[in-house]
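> This is final.cif (mmCIF, C-alpha atoms).
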```
data_run
loop_
_atom_site.label_atom_id
_atom_site.label_comp_id
_atom_site.auth_asym_id
_atom_site.auth_seq_id
_atom_site.Cartn_x
_atom_site.Cartn_y
_atom_site.Cartn_z
CA MET A 707 -32.18 22.50 -23.32
CA ALA A 708 -35.41 21.88 -25.21
CA SER A 709 -36.07 18.38 -26.50
CA SER A 710 -37.11 17.31 -29.98
CA PHE A 711 -37.80 14.10 -31.83
CA HIS A 712 -35.09 11.49 -32.27
CA PHE A 713 -34.28 10.37 -35.80
CA PHE A 714 -36.58 7.34 -35.48
CA SER A 715 -39.45 9.74 -34.79
CA LEU A 716 -38.73 11.64 -38.01
CA ILE A 717 -38.71 8.35 -39.89
CA PHE A 718 -42.04 7.47 -38.27
CA PHE A 719 -43.65 10.68 -39.48
CA SER A 720 -42.17 10.23 -42.93
CA LEU A 721 -43.63 6.75 -43.24
CA LEU A 722 -46.95 7.90 -41.79
CA PHE A 723 -47.50 10.64 -44.33
CA LEU A 724 -45.53 9.32 -47.30
CA SER A 725 -47.03 5.86 -47.53
CA PRO A 726 -46.68 3.94 -50.84
CA SER A 727 -50.28 4.69 -51.78
CA GLN A 728 -49.66 8.42 -51.38
CA ALA A 729 -46.28 8.30 -53.08
CA LYS A 730 -47.83 7.30 -56.40
CA SER A 731 -48.81 10.16 -58.63
CA LYS A 732 -52.42 10.32 -59.77
CA ASN A 733 -51.25 10.67 -63.37
CA SER A 734 -48.68 8.83 -65.45
CA PHE A 735 -46.07 11.60 -65.50
CA HIS A 736 -43.01 10.68 -63.46
CA PRO A 737 -40.45 13.48 -63.15
CA HIS A 738 -36.76 12.72 -63.66
CA ALA A 739 -35.82 15.47 -61.21
CA LEU A 740 -37.11 18.72 -59.70
CA LEU A 741 -35.71 22.23 -59.43
CA LEU A 742 -35.97 25.43 -57.45
CA PRO A 743 -34.48 28.82 -58.40
CA VAL A 744 -32.19 30.39 -55.79
CA GLN A 745 -31.46 34.11 -55.41
CA LYS A 746 -28.85 35.92 -53.30
CA ASP A 747 -30.21 38.63 -51.03
CA PRO A 748 -27.89 41.67 -51.25
CA SER A 749 -28.63 42.90 -47.73
CA THR A 750 -28.14 39.72 -45.69
CA LEU A 751 -26.00 37.74 -48.21
CA LEU A 752 -28.36 34.81 -47.62
CA TYR A 753 -29.94 32.67 -50.34
CA THR A 754 -33.67 32.53 -50.93
CA THR A 755 -36.00 30.37 -52.95
CA GLN A 756 -39.73 30.12 -53.69
CA LEU A 757 -41.88 27.07 -53.01
CA ASN A 758 -45.58 26.89 -53.89
CA GLN A 759 -47.68 25.70 -50.95
CA ARG A 760 -51.30 25.69 -49.68
CA THR A 761 -54.77 25.82 -51.22
CA PRO A 762 -55.32 28.38 -52.69
CA GLN A 763 -51.68 28.23 -53.79
CA VAL A 764 -49.22 30.73 -52.33
CA SER A 765 -45.61 31.18 -53.40
CA GLU A 766 -43.66 31.10 -50.14
CA ASN A 767 -40.40 33.06 -50.11
CA LEU A 768 -37.96 31.02 -48.02
CA THR A 769 -34.35 31.18 -46.85
CA LEU A 770 -32.39 28.20 -48.12
CA ASP A 771 -30.76 26.26 -45.28
CA LEU A 772 -28.50 23.43 -46.43
CA GLY A 773 -28.32 21.84 -42.98
CA GLY A 774 -31.88 22.67 -41.93
CA GLN A 775 -33.94 19.79 -40.53
CA PHE A 776 -37.17 20.51 -42.42
CA LEU A 777 -39.36 23.16 -44.03
CA TRP A 778 -40.77 25.62 -41.53
CA VAL A 779 -43.15 28.47 -42.29
CA ASP A 780 -44.58 31.37 -40.28
CA CYS A 781 -48.17 30.32 -39.59
CA GLU A 782 -49.00 33.18 -37.19
CA ASN A 783 -49.30 35.90 -39.80
CA GLY A 784 -52.16 35.20 -42.21
CA TYR A 785 -51.53 31.51 -42.93
CA SER A 786 -54.68 30.07 -44.47
CA SER A 787 -55.22 26.85 -46.41
CA THR A 788 -58.05 24.39 -46.97
CA THR A 789 -55.58 21.51 -47.38
CA TYR A 790 -53.59 21.97 -44.14
CA ARG A 791 -53.66 18.93 -41.87
CA ARG A 792 -52.19 18.67 -38.39
CA ALA A 793 -50.01 15.60 -37.93
CA ARG A 794 -51.58 12.77 -35.94
CA CYS A 795 -48.73 11.86 -33.63
CA SER A 796 -48.44 9.48 -30.72
CA LYS A 797 -45.49 11.35 -29.20
CA ASN A 798 -44.83 14.94 -28.14
CA ARG A 799 -48.23 16.07 -29.50
CA GLY A 800 -46.81 16.51 -33.00
CA GLU A 801 -44.34 19.25 -32.05
CA LEU A 802 -40.93 19.86 -33.53
CA PHE A 803 -38.54 22.75 -33.04
CA PRO A 804 -38.21 25.16 -35.98
CA GLU A 805 -34.88 26.96 -35.87
CA ASN A 806 -33.63 30.18 -37.38
CA THR A 807 -30.08 28.95 -37.94
CA VAL A 808 -28.89 32.45 -38.86
CA ILE A 809 -29.37 33.68 -35.30
CA SER A 810 -29.38 30.23 -33.60
CA ALA A 811 -32.88 30.65 -32.18
CA ALA A 812 -35.42 27.84 -31.88
CA THR A 813 -38.88 27.33 -30.43
CA SER A 814 -41.66 24.75 -30.53
CA GLY A 815 -43.92 24.42 -33.54
CA GLU A 816 -46.76 22.25 -34.78
CA LEU A 817 -46.00 19.52 -37.30
CA GLY A 818 -48.48 19.45 -40.16
CA SER A 819 -48.82 18.73 -43.85
CA ASN A 820 -50.00 20.62 -46.89
CA VAL A 821 -49.84 20.39 -50.66
CA VAL A 822 -46.57 21.57 -52.22
CA SER A 823 -46.02 22.19 -55.93
CA ILE A 824 -42.65 22.31 -57.66
CA GLN A 825 -41.31 22.41 -61.21
CA SER A 826 -39.88 19.26 -62.75
CA THR A 827 -36.80 19.16 -65.00
CA ASP A 828 -34.93 16.83 -67.31
CA GLY A 829 -31.72 18.48 -66.18
CA THR A 830 -31.61 20.84 -69.15
CA ASN A 831 -34.94 22.68 -69.16
CA PRO A 832 -37.78 23.26 -66.71
CA GLY A 833 -40.76 20.95 -67.22
CA ARG A 834 -44.29 20.64 -65.94
CA VAL A 835 -45.30 21.42 -62.37
CA VAL A 836 -45.87 18.42 -60.07
CA SER A 837 -47.36 18.25 -56.57
CA VAL A 838 -46.90 16.43 -53.27
CA PRO A 839 -50.31 16.39 -51.54
CA HIS A 840 -49.13 15.76 -47.97
CA PHE A 841 -45.77 17.47 -47.62
CA LEU A 842 -44.63 17.62 -43.99
CA PHE A 843 -43.58 20.98 -42.56
CA VAL A 844 -43.56 22.80 -39.23
CA CYS A 845 -45.49 25.93 -38.28
CA GLY A 846 -43.29 28.55 -36.64
CA PRO A 847 -43.98 31.94 -35.04
CA THR A 848 -43.39 35.30 -36.71
CA PHE A 849 -40.58 36.32 -34.34
CA LEU A 850 -38.43 33.50 -35.71
CA LEU A 851 -38.07 35.45 -38.98
CA LYS A 852 -35.70 37.91 -37.29
CA GLY A 853 -32.51 38.42 -39.29
CA LEU A 854 -33.85 36.76 -42.43
CA PRO A 855 -34.24 38.62 -45.76
CA SER A 856 -37.20 40.95 -46.13
CA GLY A 857 -40.34 39.14 -47.30
CA VAL A 858 -39.14 35.69 -46.26
CA LYS A 859 -41.75 33.53 -44.51
CA GLY A 860 -39.62 30.63 -43.29
CA MET A 861 -36.69 28.36 -44.08
CA ALA A 862 -36.32 25.47 -46.54
CA GLY A 863 -34.23 22.77 -44.86
CA LEU A 864 -32.15 20.42 -47.02
CA GLY A 865 -30.47 18.59 -44.13
CA ARG A 866 -29.88 14.97 -43.17
CA THR A 867 -33.33 14.06 -41.83
CA GLU A 868 -36.24 12.05 -43.13
CA ILE A 869 -38.49 15.10 -43.50
CA SER A 870 -36.11 17.52 -45.19
CA LEU A 871 -36.97 18.64 -48.72
CA PRO A 872 -34.62 16.18 -50.49
CA SER A 873 -35.88 13.22 -48.43
CA GLN A 874 -39.56 13.95 -48.99
CA PHE A 875 -39.21 14.66 -52.71
CA SER A 876 -37.13 11.53 -53.34
CA SER A 877 -39.57 9.40 -51.33
CA HIS A 878 -42.66 10.74 -53.08
CA PHE A 879 -41.33 10.57 -56.63
CA SER A 880 -39.15 7.46 -56.13
CA PHE A 881 -35.87 8.85 -57.42
CA ASN A 882 -32.42 8.58 -55.90
CA LYS A 883 -31.91 10.41 -52.62
CA THR A 884 -29.64 12.91 -54.34
CA PHE A 885 -29.73 16.68 -54.68
CA ALA A 886 -27.38 19.38 -55.93
CA ILE A 887 -26.94 23.07 -55.21
CA CYS A 888 -25.38 25.65 -57.50
CA LEU A 889 -25.35 29.12 -55.93
CA THR A 890 -24.64 32.37 -57.73
CA GLY A 891 -23.11 35.52 -56.33
CA SER A 892 -25.22 37.60 -58.70
CA THR A 893 -28.13 39.46 -57.13
CA ARG A 894 -29.79 39.83 -60.55
CA ALA A 895 -29.81 36.20 -61.74
CA SER A 896 -30.82 32.88 -60.18
CA GLY A 897 -28.81 29.87 -59.13
CA VAL A 898 -30.52 26.51 -58.76
CA VAL A 899 -31.23 23.53 -56.53
CA PHE A 900 -31.83 20.19 -58.26
CA PHE A 901 -33.62 17.35 -56.47
CA GLY A 902 -32.77 14.05 -58.11
CA PRO A 903 -29.91 12.73 -60.25
CA GLY A 904 -28.08 14.54 -63.05
CA PRO A 905 -27.52 15.64 -65.71
CA TYR A 906 -27.36 19.27 -64.56
CA HIS A 907 -26.97 21.26 -67.75
CA PHE A 908 -25.97 24.91 -67.91
CA LEU A 909 -25.53 27.22 -70.88
CA GLN A 910 -22.42 26.60 -72.98
CA ASN A 911 -23.66 22.97 -73.10
CA THR A 912 -21.97 22.18 -69.81
CA ASP A 913 -23.16 19.18 -67.79
CA ALA A 914 -21.89 20.12 -64.34
CA SER A 915 -22.61 16.62 -63.01
CA THR A 916 -19.66 15.20 -64.97
CA ASN A 917 -16.06 15.03 -63.72
CA LEU A 918 -17.02 15.64 -60.10
CA ILE A 919 -14.55 15.03 -57.28
CA TYR A 920 -15.98 12.87 -54.49
CA THR A 921 -15.43 12.80 -50.76
CA PRO A 922 -17.36 10.97 -48.01
CA LEU A 923 -20.07 12.78 -46.10
CA LEU A 924 -19.39 12.37 -42.40
CA LEU A 925 -22.15 12.00 -39.84
CA ASN A 926 -21.69 14.08 -36.70
CA PRO A 927 -23.25 11.89 -33.99
CA THR A 928 -24.36 14.89 -31.93
CA SER A 929 -26.86 17.49 -33.13
CA THR A 930 -25.57 20.96 -33.97
CA ALA A 931 -29.06 22.46 -33.69
CA ALA A 932 -30.05 25.06 -31.11
CA ALA A 933 -32.60 22.64 -29.62
CA TYR A 934 -32.19 18.87 -29.60
CA SER A 935 -32.31 15.78 -27.41
CA LYS A 936 -29.56 13.25 -26.90
CA PRO A 937 -28.66 11.15 -28.74
CA GLU A 938 -29.58 12.87 -31.99
CA PRO A 939 -27.17 13.19 -34.93
CA SER A 940 -26.55 16.48 -36.69
CA SER A 941 -28.58 17.33 -39.78
CA ASP A 942 -25.61 19.34 -41.12
CA TYR A 943 -23.31 18.03 -43.86
CA PHE A 944 -19.75 17.40 -42.65
CA ILE A 945 -16.69 16.50 -44.73
CA GLY A 946 -13.23 15.39 -43.65
CA VAL A 947 -10.72 18.20 -44.16
CA THR A 948 -7.32 16.86 -43.07
CA SER A 949 -5.06 19.81 -43.93
CA ILE A 950 -5.00 23.13 -45.78
CA LYS A 951 -2.59 24.11 -48.55
CA ILE A 952 -1.86 27.53 -50.03
CA ASN A 953 0.16 27.74 -53.23
CA LEU A 954 0.48 23.92 -53.00
CA LYS A 955 2.29 24.29 -49.65
CA THR A 956 0.85 22.86 -46.44
CA VAL A 957 -0.14 25.51 -43.91
CA PRO A 958 1.86 24.80 -40.73
CA ASN A 959 0.71 24.96 -37.12
CA ILE A 960 -2.84 23.68 -37.63
CA ASP A 961 -3.96 21.48 -34.74
CA ALA A 962 -5.12 18.27 -36.43
CA SER A 963 -7.41 17.44 -33.50
CA LEU A 964 -9.56 20.45 -34.38
CA LEU A 965 -10.17 19.03 -37.86
CA ALA A 966 -11.75 15.85 -36.46
CA ILE A 967 -15.21 15.53 -34.88
CA ASP A 968 -14.79 14.54 -31.23
CA ARG A 969 -17.08 12.39 -29.08
CA GLU A 970 -19.16 15.40 -28.08
CA GLY A 971 -19.69 16.43 -31.71
CA ASN A 972 -17.29 19.37 -31.57
CA GLY A 973 -14.78 20.20 -34.29
CA GLY A 974 -14.74 19.08 -37.91
CA THR A 975 -15.81 20.84 -41.09
CA LYS A 976 -19.38 21.50 -42.23
CA ILE A 977 -20.90 23.23 -45.25
CA SER A 978 -23.41 26.04 -44.69
CA THR A 979 -25.61 28.29 -46.82
CA VAL A 980 -26.58 30.47 -43.84
CA THR A 981 -22.97 31.50 -43.12
CA PRO A 982 -21.94 34.16 -45.66
CA TYR A 983 -18.17 33.53 -45.51
CA THR A 984 -16.05 30.61 -44.36
CA VAL A 985 -15.46 30.73 -40.60
CA LEU A 986 -12.30 29.27 -39.06
CA GLN A 987 -11.46 28.54 -35.42
CA THR A 988 -9.03 31.21 -34.21
CA SER A 989 -5.81 29.20 -34.33
CA ILE A 990 -6.65 27.86 -37.80
CA TYR A 991 -7.60 31.36 -38.93
CA ASN A 992 -4.33 32.81 -37.66
CA ALA A 993 -2.28 30.09 -39.37
CA VAL A 994 -4.13 30.49 -42.69
CA THR A 995 -4.05 34.29 -42.83
CA LYS A 996 -0.37 34.45 -41.83
CA PHE A 997 0.62 31.91 -44.48
CA PHE A 998 -1.57 33.53 -47.17
CA LYS A 999 -0.04 36.92 -46.45
CA ASN A 1000 3.46 35.43 -46.79
CA GLN A 1001 2.56 33.81 -50.10
CA LEU A 1002 1.30 37.16 -51.39
CA SER A 1003 4.27 39.05 -49.94
CA GLY A 1004 4.71 41.38 -52.92
CA ILE A 1005 1.28 42.95 -52.38
CA PRO A 1006 0.92 45.57 -49.61
CA THR A 1007 -1.72 45.00 -46.94
CA VAL A 1008 -4.15 47.73 -45.93
CA ARG A 1009 -6.38 48.32 -42.92
CA ALA A 1010 -8.81 45.43 -42.52
CA VAL A 1011 -12.48 45.93 -43.33
CA ALA A 1012 -14.92 44.07 -41.05
CA PRO A 1013 -15.76 41.23 -40.90
CA PHE A 1014 -12.45 40.37 -42.57
CA GLY A 1015 -9.04 40.46 -40.91
CA LEU A 1016 -6.67 40.47 -43.90
CA CYS A 1017 -7.00 42.96 -46.76
CA PHE A 1018 -4.72 44.02 -49.63
CA ASN A 1019 -4.21 46.93 -51.98
CA SER A 1020 -5.68 45.41 -55.13
CA THR A 1021 -4.11 47.73 -57.71
CA ASN A 1022 -1.27 45.26 -58.35
CA ILE A 1023 -3.36 42.09 -58.25
CA GLY A 1024 -4.20 40.83 -61.71
CA SER A 1025 -7.37 39.14 -62.93
CA THR A 1026 -7.82 35.61 -64.23
CA ARG A 1027 -10.72 33.53 -65.54
CA VAL A 1028 -11.31 32.34 -61.98
CA GLY A 1029 -11.05 35.70 -60.25
CA PRO A 1030 -8.21 37.74 -58.73
CA GLY A 1031 -4.75 36.32 -59.35
CA VAL A 1032 -3.94 35.19 -55.81
CA PRO A 1033 -2.59 31.92 -54.37
CA GLU A 1034 -4.96 28.97 -54.56
CA ILE A 1035 -6.27 27.54 -51.29
CA ASP A 1036 -6.75 23.76 -51.12
CA LEU A 1037 -8.88 22.01 -48.51
CA VAL A 1038 -7.19 18.60 -48.52
CA LEU A 1039 -9.70 15.81 -47.93
CA GLN A 1040 -9.33 12.04 -47.47
CA ASN A 1041 -5.88 11.97 -49.10
CA GLU A 1042 -3.39 14.29 -50.77
CA THR A 1043 -4.89 13.73 -54.24
CA VAL A 1044 -8.43 14.75 -53.24
CA TYR A 1045 -8.85 18.44 -52.49
CA TRP A 1046 -11.35 21.27 -52.83
CA ARG A 1047 -9.48 24.06 -54.61
CA ILE A 1048 -10.60 27.62 -53.88
CA PHE A 1049 -9.62 30.18 -56.51
CA GLY A 1050 -9.60 33.96 -56.23
CA ALA A 1051 -13.26 34.32 -57.23
CA ASN A 1052 -14.20 32.42 -54.04
CA SER A 1053 -11.36 33.49 -51.74
CA MET A 1054 -11.27 37.28 -52.25
CA VAL A 1055 -13.94 39.96 -51.77
CA GLN A 1056 -13.68 43.36 -53.49
CA VAL A 1057 -14.76 45.68 -50.66
CA SER A 1058 -13.81 48.90 -52.48
CA VAL A 1059 -12.15 50.04 -55.70
CA GLU A 1060 -8.64 49.40 -54.41
CA VAL A 1061 -9.17 46.91 -51.58
CA LEU A 1062 -9.48 43.11 -51.75
CA CYS A 1063 -10.01 41.10 -48.57
CA LEU A 1064 -9.50 37.42 -47.86
CA ALA A 1065 -13.03 36.05 -47.51
CA PHE A 1066 -12.42 34.11 -44.28
CA VAL A 1067 -13.63 35.11 -40.82
CA ASP A 1068 -12.28 34.44 -37.32
CA GLY A 1069 -14.76 32.18 -35.53
CA GLY A 1070 -13.33 32.43 -32.03
CA VAL A 1071 -11.33 30.08 -29.82
CA ASN A 1072 -14.04 27.53 -29.00
CA PRO A 1073 -16.62 27.33 -31.79
CA ARG A 1074 -18.84 24.26 -32.00
CA THR A 1075 -17.47 23.50 -35.49
CA SER A 1076 -13.84 24.29 -36.36
CA ILE A 1077 -14.42 25.08 -40.07
CA VAL A 1078 -17.72 26.24 -41.55
CA ILE A 1079 -17.50 26.54 -45.33
CA GLY A 1080 -19.72 29.52 -46.13
CA GLY A 1081 -21.88 30.55 -49.04
CA TYR A 1082 -19.29 32.77 -50.76
CA GLN A 1083 -16.95 29.80 -51.13
CA LEU A 1084 -19.79 27.74 -52.68
CA GLU A 1085 -20.76 30.18 -55.41
CA ASP A 1086 -20.31 28.96 -59.01
CA ASN A 1087 -19.39 25.52 -57.66
CA LEU A 1088 -21.84 22.65 -58.16
CA LEU A 1089 -22.20 20.44 -55.06
CA GLN A 1090 -24.03 17.12 -55.36
CA PHE A 1091 -25.13 15.44 -52.14
CA ASP A 1092 -25.65 11.70 -52.68
CA LEU A 1093 -27.31 10.59 -49.46
CA GLY A 1094 -27.66 6.98 -50.57
CA ALA A 1095 -23.90 6.66 -51.06
CA SER A 1096 -23.15 9.20 -48.27
CA ARG A 1097 -20.80 11.19 -50.45
CA LEU A 1098 -20.35 14.73 -51.74
CA GLY A 1099 -19.43 15.41 -55.34
CA PHE A 1100 -18.07 18.86 -56.14
CA SER A 1101 -17.05 20.53 -59.38
CA SER A 1102 -14.63 23.20 -58.19
CA SER A 1103 -15.16 26.51 -59.99
CA LEU A 1104 -17.44 26.35 -63.05
CA LEU A 1105 -15.71 29.50 -64.28
CA PHE A 1106 -12.98 27.22 -65.62
CA ARG A 1107 -15.63 25.60 -67.82
CA GLU A 1108 -16.82 28.98 -69.09
CA THR A 1109 -20.16 28.86 -67.33
CA THR A 1110 -21.66 29.86 -63.98
CA CYS A 1111 -24.42 28.76 -61.63
CA ALA A 1112 -26.57 31.60 -63.03
CA ASN A 1113 -26.62 29.89 -66.43
CA PHE A 1114 -29.39 27.35 -66.01
CA ASN A 1115 -32.10 27.97 -68.62
CA PHE A 1116 -35.21 28.64 -66.55
CA THR A 1117 -37.21 30.07 -69.44
CA SER A 1118 -37.16 27.39 -72.14
CA ASN A 1119 -39.59 24.50 -71.72
CA ALA A 1120 -38.76 20.92 -72.60
#
```
Could you rewrite the structure in this file as structure tokens?

Amino acid sequence: MASSFHFFSLIFFSLLFLSPSQAKSKNSFHPHALLLPVQKDPSTLLYTTQLNQRTPQVSENLTLDLGGQFLWVDCENGYSSTTYRRARCSKNRGELFPENTVISAATSGELGSNVVSIQSTDGTNPGRVVSVPHFLFVCGPTFLLKGLPSGVKGMAGLGRTEISLPSQFSSHFSFNKTFAICLTGSTRASGVVFFGPGPYHFLQNTDASTNLIYTPLLLNPTSTAAAYSKPEPSSDYFIGVTSIKINLKTVPNIDASLLAIDREGNGGTKISTVTPYTVLQTSIYNAVTKFFKNQLSGIPTVRAVAPFGLCFNSTNIGSTRVGPGVPEIDLVLQNETVYWRIFGANSMVQVSVEVLCLAFVDGGVNPRTSIVIGGYQLEDNLLQFDLGASRLGFSSSLLFRETTCANFNFTSNA
């Protein structure tokens, strides 16, 4: 297994390049927060964003990776910049291990820095563009782009490290170590990532940062990356699912030990933007699909359509404000009163005119993580990651509030 830097090494590099003198802007403008637009790629079902980097400036098309350790970019194919600087490191010659988390492939890459520009926001409108002159990133090879959307040049990591995008932006601009994602299922409109505190306003005058439900973020002590050294904690975001309910009834026959993270870092529940649909360990999947089918007993099932294992004839399933009228699925968290409710818009996929499938996938008998909450279940839900307080705030479906994640006003200036 390849080795990489321990967390203290990441902190070292962060402090080296993001010193207080560099963290102060050369002008008096101090952004309240920052934002990036996010699009859904129709071919891969992955989410992409654009980040301006280099001199002369280039808009890099990147795959968004919620648990990714850092920004990595293909430097083999035409990367040119007058402001690129190789990191001066005392250990490992300044190498880290960029990973394509879609295909679980990693290799070595050079750690460097370059200027990055990003749009500021007051939470309601986009504002002026601001820059970070020495933003740390890793150079990766072209082959690591395999399986990513066409035109993508790397991955934007938002994970729990000191050189992820949220950490570097909060350090440079001295705002709370908080960010929020709001993904859209539309392939014609953009969702958004906010770096910094709320408000997060969407059309219909909705501040999605209000009335959030909170649950602790759990730290998996063992890395879930394809290449790591021990001991190194995971950069993924884990939460504590303790049971699952459908139609307000607890799903039986779920092994509680699978829901906890064991000493080797196996099990538990993480959130992922590079997994299109929620993946469940086989015994959990079987229990959930069997119980869901029983709760929707009046609707005939039809032949399953890959990658799904449970599909229905949709002609007798009605529509609601929050999607198809099917039983609600609750991921019960730290106690019975705290749960992530998944409505039909996030639990069912319309695969053809008359077929709806349950948007959960069998992850096998021995996956590294028992539950991976995928992108489809995140769409039109605002998720706020407060790293200072180590907690996740989530809105549940914004469709109830008559807005969506595609309703941020990117065109009107403050």
> Go through region 974-1038 of chain A and flag each residue having an atom no more than 12 Å from region 886-903 of chain A; for those, report the closest pair of atoms plus their distance in Å to one decimal, using all atoms listed in the file, ordered by chain and rising number, as a tab-separated table.

```
residue	atom	partner	partner_atom	distance
A:Ile977	CA	A:Ile887	CA	11.6
A:Ser978	CA	A:Ile887	CA	11.5
A:Thr979	CA	A:Leu889	CA	9.2
A:Pro982	CA	A:Gly891	CA	10.8
```
> Could the residues in this selection be written to a file with C-alpha atoms, as an mmCIF file, in the frame of the given file?

```cif
data_model
loop_
_atom_site.group_PDB
_atom_site.id
_atom_site.type_symbol
_atom_site.label_atom_id
_atom_site.label_comp_id
_atom_site.auth_asym_id
_atom_site.auth_seq_id
_atom_site.Cartn_x
_atom_site.Cartn_y
_atom_site.Cartn_z
ATOM 1 C CA ILE A 977 -20.900 23.230 -45.250
ATOM 2 C CA SER A 978 -23.410 26.040 -44.690
ATOM 3 C CA THR A 979 -25.610 28.290 -46.820
ATOM 4 C CA PRO A 982 -21.940 34.160 -45.660
#
```
> Taking the file above as input, evaluate the PyMOL selection byres ((chain A and resi 785) around 12) and report the hits as a PyMOL selection string.
chain A and resi 759-764+766+779-784+786-790+820+845-848+859-860
> Quick one: residues within 8 Å of region 1082-1088 of chain A, only C-alpha atoms, excluding same-chain residues fewer than 4 positions away - as JSON, numbers by chain?
{"A": [886, 887, 888, 889, 890, 891, 914, 915, 982, 983, 984, 1048, 1052, 1053, 1065, 1100, 1101, 1102, 1103, 1104, 1105, 1110, 1111, 1112]}
> Which one is closest to Asn926 (chain A): A:Asp961, A:Gly773, A:Arg794, A:Asn806? Count all atoms listed in the file.
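Among A:Asp961, A:Gly773, A:Arg794, A:Asn806, it is A:Gly773 that comes nearest to Asn926 (chain A).
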> With a distance cut-off of 7 Å and all atoms listed in the file, select the neighbouring residues of region 991-995 of chain A, excluding the residue or stretch itself and same-chain residues fewer than 5 positions from it, and output the selection as an MDAnalysis selection string.
chainID A and resid 957:960 986 1016 1068
> Can you list what the PyMOL selection byres ((chain A and resi 1003) around 12) grabs from this structure, as a PyMOL selection string?
chain A and resi 995-1002+1004-1007+1018-1019+1022-1023+1032-1033
> Once the PyMOL selection byres ((chain A and resi 1057) around 12) has been evaluated on this model, what residues remain selected, and can you format them as number ranges by chain?
A: 1008-1014, 1016-1020, 1054-1056, 1058-1065
> Suppose you want the space between CA of Thr981 (chain A) and CA of Gln756 (chain A); what is it in Å?
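Those two atoms sit 19.9 Å apart.
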> Provide the CA of Lys883 (chain A) to CA of Asp1092 (chain A) distance in Å, to one decimal place.
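Atom-to-atom, CA of Lys883 (chain A) and CA of Asp1092 (chain A) are spaced 6.4 Å apart.
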> Please compute the CA of Leu1039 (chain A)-CA of Asn953 (chain A) distance, one decimal, in Å.
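Between CA of Leu1039 (chain A) and CA of Asn953 (chain A) the gap is 16.4 Å.
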> Let me make sure I understand: among A:Asp942, A:Thr750, A:Tyr906, A:Phe1049, which one has the smallest atom-to-atom distance to Asp828 (chain A) if we use all atoms listed in the file?
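Residue with the minimum atom-to-atom distance to Asp828 (chain A): A:Tyr906.
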> Counting all atoms listed in the file, figure out which residue out of A:Ser856, A:Thr921, A:Asn831, A:Asn1072 gets nearest to Tyr753 (chain A).
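Looking only at the distances to Tyr753 (chain A), the closest residue turns out to be A:Ser856.
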> I'd like the contact shell of Arg1097 (chain A) - 7 Å cut-off, all atoms listed in the file, skipping same-chain residues fewer than 4 positions apart - returned as JSON, numbers by chain.
{"A": [920, 921, 922, 923, 1091, 1092, 1093]}
